[in-house]
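**Student:** Before we start, here is the structure in question, set down as structure tokens.
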Amino acid sequence: MANDILKNSLSKVDDFSKIFEIINIAEINSCDEANSLIYYLTDCANPLREACAFKLEELCPKNPNYFLNDFSRNKFLNGIVDINPNVSRAVCSILSKTVEISQSLELDIILKINSVLDEIKIYEKIHKDFFSGSIRNTKNHAKNKKLFALYWLLEALFFCFSGKYNSEVLEILNVTINFYDFTIREKTAQLLTKTINPPLELLKKAKQDQNFYVKIQVYDKINFDD
């Protein structure tokens, strides 16, 4: 990597200069260079995180093996649930293009989804806000943050799904298919098309959903007798 800024993650160079350097990176030639770049995917200013995500989207498919260490996996996991959807989208795109990285993250993403669902269960006991259409606080930041994280984690899992953890994924989908928010049900139905031997009851819920964007995910992809 022909620059000095990315060799030192604690550099005091201003963010604009770092963004310029990131944009001009042409290739990654080692794990150290990969770590120096992916450092900026989290815990930095929004424009810097976004520039890093877009550059990673470009370079990761060329040398995915440089991004299989614990440092990179943790960065990707946090990038999936970044508050900036452009960062989340770019990381999911990386997973869709690189089998090596997606396989390294599959179990971690499943565990993170279960952690978010545990948080939601605690919240639900008090507010009853995730599974009911009659009590719904759309301005609650804590609730929306959990929904946002769950949405992008399900999207990421779709690209990572290998069938290795099929039963664990089906357990997740049995919960998320009942969410009031249709975007969660949509991602559930989308992921359902990849699972092995999904339960008939779960298929019916998705196919008979009142929301078009949910049912269309499975309507032409899964055939069964109603």
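Each chain of the structure tokens is named A, B, ... in the order shown, its residues numbered from 1; ligands are numbered from 1 in display order.
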Can I get the residues of stretch 73-189 of chain A within 10 Å of stretch 48-57 of chain A, each with the closest pair of atoms and their distance in Å to one decimal, using only C-alpha atoms, sorted chain first then ascending number, as JSON lines?
**Tutor:**
{"residue": "A:Phe76", "atom": "CA", "partner": "A:Ala53", "partner_atom": "CA", "distance": 9.5}
{"residue": "A:Gly79", "atom": "CA", "partner": "A:Ala53", "partner_atom": "CA", "distance": 8.2}
{"residue": "A:Asp82", "atom": "CA", "partner": "A:Arg49", "partner_atom": "CA", "distance": 9.2}
{"residue": "A:Asn84", "atom": "CA", "partner": "A:Glu50", "partner_atom": "CA", "distance": 7.8}
{"residue": "A:Pro85", "atom": "CA", "partner": "A:Glu50", "partner_atom": "CA", "distance": 9.3}
{"residue": "A:Asn86", "atom": "CA", "partner": "A:Glu50", "partner_atom": "CA", "distance": 6.7}
{"residue": "A:Val87", "atom": "CA", "partner": "A:Glu50", "partner_atom": "CA", "distance": 5.5}
{"residue": "A:Ser88", "atom": "CA", "partner": "A:Ala53", "partner_atom": "CA", "distance": 8.4}
{"residue": "A:Arg89", "atom": "CA", "partner": "A:Ala53", "partner_atom": "CA", "distance": 8.9}
{"residue": "A:Ala90", "atom": "CA", "partner": "A:Ala53", "partner_atom": "CA", "distance": 5.8}
{"residue": "A:Val91", "atom": "CA", "partner": "A:Ala53", "partner_atom": "CA", "distance": 6.7}
{"residue": "A:Cys92", "atom": "CA", "partner": "A:Glu57", "partner_atom": "CA", "distance": 9.0}
{"residue": "A:Ser93", "atom": "CA", "partner": "A:Glu57", "partner_atom": "CA", "distance": 6.7}
{"residue": "A:Ile94", "atom": "CA", "partner": "A:Glu57", "partner_atom": "CA", "distance": 5.3}
{"residue": "A:Leu95", "atom": "CA", "partner": "A:Glu57", "partner_atom": "CA", "distance": 9.1}
{"residue": "A:Lys97", "atom": "CA", "partner": "A:Glu57", "partner_atom": "CA", "distance": 8.7}
{"residue": "A:Thr98", "atom": "CA", "partner": "A:Glu57", "partner_atom": "CA", "distance": 9.8}
**Student:** For A:Ala142, find every residue with an atom within 10 Å (counting only C-alpha atoms), except residues of its own chain fewer than 5 positions away, and show them as a list of chain:residue names.
**Tutor:** A:Ile120, A:Tyr123, A:Leu147
**Student:** How about saving the chosen residues, all heavy atoms kept, as a short mmCIF file (atom, residue, chain, number, x, y, z; two decimals), in the first residue's frame?
**Tutor:**
data_model
loop_
_atom_site.label_atom_id
_atom_site.label_comp_id
_atom_site.auth_asym_id
_atom_site.auth_seq_id
_atom_site.Cartn_x
_atom_site.Cartn_y
_atom_site.Cartn_z
N ILE A 120 -34.52 -7.84 22.27
CA ILE A 120 -35.88 -7.52 21.87
C ILE A 120 -36.90 -8.19 22.79
O ILE A 120 -37.93 -7.59 23.15
CB ILE A 120 -36.11 -7.94 20.40
CG1 ILE A 120 -35.39 -6.96 19.47
CG2 ILE A 120 -37.61 -8.01 20.06
CD1 ILE A 120 -35.41 -7.36 18.01
N TYR A 123 -37.16 -6.11 25.87
CA TYR A 123 -37.90 -4.88 25.55
C TYR A 123 -39.39 -5.19 25.40
O TYR A 123 -40.25 -4.45 25.87
CB TYR A 123 -37.34 -4.29 24.26
CG TYR A 123 -38.03 -3.03 23.78
CD1 TYR A 123 -37.49 -1.77 24.03
CD2 TYR A 123 -39.22 -3.09 23.06
CE1 TYR A 123 -38.11 -0.63 23.58
CE2 TYR A 123 -39.85 -1.95 22.61
CZ TYR A 123 -39.30 -0.71 22.87
OH TYR A 123 -39.92 0.42 22.43
N LEU A 147 -34.36 -2.83 15.48
CA LEU A 147 -34.95 -3.25 14.22
C LEU A 147 -33.96 -3.09 13.07
O LEU A 147 -33.85 -3.95 12.19
CB LEU A 147 -36.21 -2.42 13.92
CG LEU A 147 -37.52 -2.89 14.53
CD1 LEU A 147 -38.63 -1.91 14.18
CD2 LEU A 147 -37.88 -4.29 14.05
#
**Student:** Considering only C-alpha atoms, return as a short mmCIF file (atom, residue, chain, number, x, y, z; two decimals) with C-alpha atoms, in the first residue's frame whatever protein or nucleic-acid residues lie within 8 Å of stretch 154-170 of chain A, sequence-local ones (same chain, fewer than 5 positions apart) excluded.
**Tutor:**
data_model
loop_
_atom_site.label_atom_id
_atom_site.label_comp_id
_atom_site.auth_asym_id
_atom_site.auth_seq_id
_atom_site.Cartn_x
_atom_site.Cartn_y
_atom_site.Cartn_z
CA ILE A 80 -23.13 -4.75 9.21
CA CYS A 92 -23.40 -7.12 2.75
CA LEU A 95 -20.38 -11.03 1.74
CA SER A 96 -22.30 -11.66 -1.47
CA VAL A 99 -17.35 -16.95 -0.15
CA SER A 102 -19.04 -14.95 4.24
CA GLN A 103 -18.27 -18.46 5.52
CA LEU A 105 -18.80 -14.84 9.48
CA GLU A 106 -21.84 -17.13 9.23
CA LEU A 107 -21.85 -18.43 12.80
CA ILE A 109 -23.86 -13.43 12.46
CA ILE A 110 -26.23 -16.12 13.76
CA ILE A 113 -28.93 -12.16 15.62
CA LYS A 187 -35.97 -10.58 5.02
CA THR A 188 -37.26 -13.66 6.85
CA GLN A 190 -36.08 -14.15 1.57
CA LEU A 191 -33.80 -16.19 3.82
CA LEU A 192 -36.41 -18.94 4.07
CA LYS A 194 -32.37 -20.82 1.14
CA THR A 195 -33.12 -23.12 4.07
CA ILE A 196 -33.23 -26.90 3.90
CA PRO A 198 -38.33 -25.56 6.06
#
**Student:** Extract the full set of alpha helix (DSSP H) residues from stretch 24-119 of chain A according to DSSP on the backbone, and format it as a ChimeraX atom specification.
**Tutor:** /A:31-38,46-59,70-80,85-97,99-119
**Student:** Skipping near chain neighbours, those fewer than 5 positions away, what residues fall within 6 Å of stretch 199-208 of chain A using only C-alpha atoms, listed as a list in words?
**Tutor:**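 What passes the distance filter is Ala189, Lys215 and Tyr219 of chain A.
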**Student:** Next, write the just-selected residues to a file, as a PDB file, in the first residue's frame, keeping all heavy atoms as the atom set.
**Tutor:**
ATOM      1  N   ALA A 189     -38.616 -14.106   4.897  1.00  0.00           N
ATOM      2  CA  ALA A 189     -39.086 -14.894   3.756  1.00  0.00           C
ATOM      3  C   ALA A 189     -37.976 -15.094   2.732  1.00  0.00           C
ATOM      4  O   ALA A 189     -37.837 -16.173   2.147  1.00  0.00           O
ATOM      5  CB  ALA A 189     -40.292 -14.207   3.115  1.00  0.00           C
ATOM      6  N   LYS A 215     -44.709 -11.916   0.706  1.00  0.00           N
ATOM      7  CA  LYS A 215     -45.140 -13.138   0.027  1.00  0.00           C
ATOM      8  C   LYS A 215     -44.446 -13.360  -1.309  1.00  0.00           C
ATOM      9  O   LYS A 215     -44.241 -14.498  -1.720  1.00  0.00           O
ATOM     10  CB  LYS A 215     -46.654 -13.145  -0.165  1.00  0.00           C
ATOM     11  CG  LYS A 215     -47.184 -12.093  -1.131  1.00  0.00           C
ATOM     12  CD  LYS A 215     -48.670 -12.309  -1.437  1.00  0.00           C
ATOM     13  CE  LYS A 215     -49.520 -12.278  -0.212  1.00  0.00           C
ATOM     14  NZ  LYS A 215     -50.954 -12.520  -0.499  1.00  0.00           N
ATOM     15  N   TYR A 219     -43.362 -16.817  -3.139  1.00  0.00           N
ATOM     16  CA  TYR A 219     -44.522 -17.248  -3.921  1.00  0.00           C
ATOM     17  C   TYR A 219     -44.135 -18.063  -5.146  1.00  0.00           C
ATOM     18  O   TYR A 219     -44.720 -19.104  -5.437  1.00  0.00           O
ATOM     19  CB  TYR A 219     -45.356 -16.033  -4.349  1.00  0.00           C
ATOM     20  CG  TYR A 219     -46.762 -16.421  -4.750  1.00  0.00           C
ATOM     21  CD1 TYR A 219     -47.734 -16.614  -3.768  1.00  0.00           C
ATOM     22  CD2 TYR A 219     -47.110 -16.624  -6.082  1.00  0.00           C
ATOM     23  CE1 TYR A 219     -49.017 -16.984  -4.106  1.00  0.00           C
ATOM     24  CE2 TYR A 219     -48.395 -17.002  -6.431  1.00  0.00           C
ATOM     25  CZ  TYR A 219     -49.342 -17.180  -5.445  1.00  0.00           C
ATOM     26  OH  TYR A 219     -50.606 -17.564  -5.779  1.00  0.00           O
TER      27      TYR A 219
END
**Student:** So how many Å separate atom CA of A:Phe67 and atom CA of A:Asn35, to one decimal?
**Tutor:** 7.7 Å
**Student:** Taking a cut-off of 8 Å and counting only C-alpha atoms, can you build a table that, for each residue of stretch 58-120 of chain A near stretch 18-33 of chain A, reports the nearest atom pair and how far apart they are in Å (one decimal), sorted by chain then residue number, as JSON lines?
**Tutor:**
{"residue": "A:Leu59", "atom": "CA", "partner": "A:Glu27", "partner_atom": "CA", "distance": 6.6}
{"residue": "A:Asn63", "atom": "CA", "partner": "A:Ile28", "partner_atom": "CA", "distance": 7.2}
{"residue": "A:Tyr66", "atom": "CA", "partner": "A:Cys31", "partner_atom": "CA", "distance": 4.7}
{"residue": "A:Phe67", "atom": "CA", "partner": "A:Cys31", "partner_atom": "CA", "distance": 7.0}
**Student:** Within 8 Å of A:Thr183, counting only C-alpha atoms, which residues qualify if same-chain residues fewer than 2 places away don't, as a VMD selection string?
**Tutor:** chain A and resid 151 181 185 to 187 214
**Student:** Which one of A:Ala45, A:Phe182, A:Ala149, A:Val116 sits closest to A:Asp14 if you count only C-alpha atoms?
**Tutor:** A:Ala45
**Student:** Between atom CA of A:Asp43 and atom CA of A:Asp70, what is the distance in Å, rounded to a tenth?
**Tutor:**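 If I compute the distance from atom CA of A:Asp43 to atom CA of A:Asp70, I get 16.7 Å.
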